[in-house]
Amino acid sequence: RGKVAIFIDGNNLFHAARFHNIDIDYNKLLRVLLGDGHLFRAFFYTGVDAGAERQQGFLLWMRRNGFRVVQKELKTFYDGTRKANLDVEIAVDMLSLAGRYDTAVLVSGDEDFVYAVNSVAYKGCRVEVVGFRSNTAPKLIDVADCFIDLGEIAEKIRKEFPHGMKYEDRDIHVSQQPPPSQTFIEPVLAVPQPPPCSVVEDLAFNPAIGSIIESATDGADQFGPGGDFIRVTDDQ
């Protein structure tokens, strides 16, 4: 799989995982998605509320554990909802970095990424889509080289909590954004499925996250020395 670049749509993943009552352990998730490849970059995109201390603590943990956090301030709309759309940032990063990685792993179920996935594939990169099948657009699955159903590997990426802890009390990625507009229900048809991606069967041999981040400087200069890759927009 060569150099692997991982792009996580934080809001989409959060709501899909909550729909399935699963809390993601991002250390485990990163190891599973990396497999036998070499990590180029792991990006995590999310809307942020500057006053949400729990979310700020979560994002700080992500930065210290191998992720580049790309964030945008939540906007408040006339109906009271708060939202930050980072689809453009994800698509631009996937395309601008194509050629500097061999495999792109997109963690999202959003159909809006179909064109971006096709464009990256045309540049000669392998593209894998990751998500819960019932929350992933069929068209997005169709254009990927393979699809990883998180529902099938839930036990490998699930965060463990003390017995009896309520879902609301868990230290999770707190998002005030609305969930995706719909759940995708696949028709029961005998249609061919994309080949499944191979996942790591045993995580015991994987090193700590900090030791698997590619130390070479090729392709990393544009992010600045040691700094977090945080996109600043006019909305902030």
# chains A, B, ... in the order shown; residues from 1 in each chain; ligands from 1
>>> residues_around(residues="Ile157 of chain A", least_positions_apart="6", cutoff="6 Å", atoms="only C-alpha atoms", output="ChimeraX atom specification")
/A:24-25,28-29
>>> write_last_selection(atoms="C-alpha atoms", output="JSON list (two decimals), in the first residue's frame")
[["chain", "number", "residue", "atom", "x", "y", "z"],
["A", 24, "ILE", "CA", -14.07, 5.17, 18.48],
["A", 25, "ASP", "CA", -10.61, 4.58, 19.91],
["A", 28, "LYS", "CA", -6.85, 1.65, 17.33],
["A", 29, "LEU", "CA", -8.53, 3.16, 14.28]]
>>> select_by_dssp(residues="segment 68-177 of chain A", states="helix (DSSP H, G or I)", output="PyMOL selection string")
chain A and resi 87-97+111-122+133-135+138-143+150-157+167-169
>>> residues_around(residues="Glu152 of chain A", least_positions_apart="4", cutoff="12 Å", atoms="only C-alpha atoms", output="compact mmCIF listing (two decimals) with N, CA and C atoms, in the first residue's frame")
# COMPACT_ATOMS: atom_id res chain seq x y z
N HIS A 20 -24.57 3.98 15.77
CA HIS A 20 -24.33 2.56 16.02
C HIS A 20 -23.90 2.30 17.47
N VAL A 130 -13.87 4.33 4.02
CA VAL A 130 -14.11 3.67 5.31
C VAL A 130 -15.34 4.29 5.95
N GLY A 131 -16.23 3.47 6.47
CA GLY A 131 -17.40 3.98 7.16
C GLY A 131 -18.33 2.85 7.56
N PHE A 132 -19.43 3.21 8.17
CA PHE A 132 -20.47 2.23 8.48
C PHE A 132 -21.35 2.10 7.23
N ARG A 133 -21.54 0.89 6.75
CA ARG A 133 -22.20 0.70 5.46
C ARG A 133 -23.56 1.38 5.39
N SER A 134 -24.35 1.30 6.46
CA SER A 134 -25.69 1.88 6.42
C SER A 134 -25.66 3.41 6.40
N PHE A 147 -13.82 -0.94 0.07
CA PHE A 147 -14.59 -0.33 1.16
C PHE A 147 -14.38 -1.13 2.44
N ILE A 148 -14.09 -0.42 3.53
CA ILE A 148 -13.96 -1.05 4.85
C ILE A 148 -15.18 -0.68 5.66
N LYS A 156 -12.48 -4.08 16.97
CA LYS A 156 -11.07 -3.74 16.83
C LYS A 156 -10.80 -2.24 17.02
N ILE A 157 -11.88 -1.43 16.96
CA ILE A 157 -11.69 0.02 17.04
C ILE A 157 -12.48 0.64 18.17
N ARG A 158 -13.18 -0.18 18.94
CA ARG A 158 -14.04 0.33 20.00
C ARG A 158 -13.23 0.77 21.21
N PRO A 196 -13.19 -6.33 -0.57
CA PRO A 196 -12.95 -5.78 0.77
C PRO A 196 -11.49 -5.45 0.97
N CYS A 197 -11.23 -4.43 1.76
CA CYS A 197 -9.85 -4.09 2.09
C CYS A 197 -9.37 -5.02 3.19
N VAL A 199 -7.61 -5.82 6.63
CA VAL A 199 -7.38 -5.10 7.87
C VAL A 199 -6.47 -5.91 8.75
>>> atom_distance(atom1="atom CA of Val70 of chain A", atom2="atom CA of Leu33 of chain A")
19.1 Å
>>> residues_around(residues="Leu30 of chain A", least_positions_apart="5", cutoff="10 Å", atoms="only C-alpha atoms", output="list of chain:residue names")
A:Ile6, A:Asp25, A:Gly35, A:Leu39, A:Ala42, A:Asn65, A:Gly66, A:Phe67, A:Ile157, A:Ile209
>>> residues_around(residues="Phe7 of chain A", least_positions_apart="4", cutoff="9 Å", atoms="only C-alpha atoms", output="PyMOL selection string")
chain A and resi 41-45+90+93-94+104-108
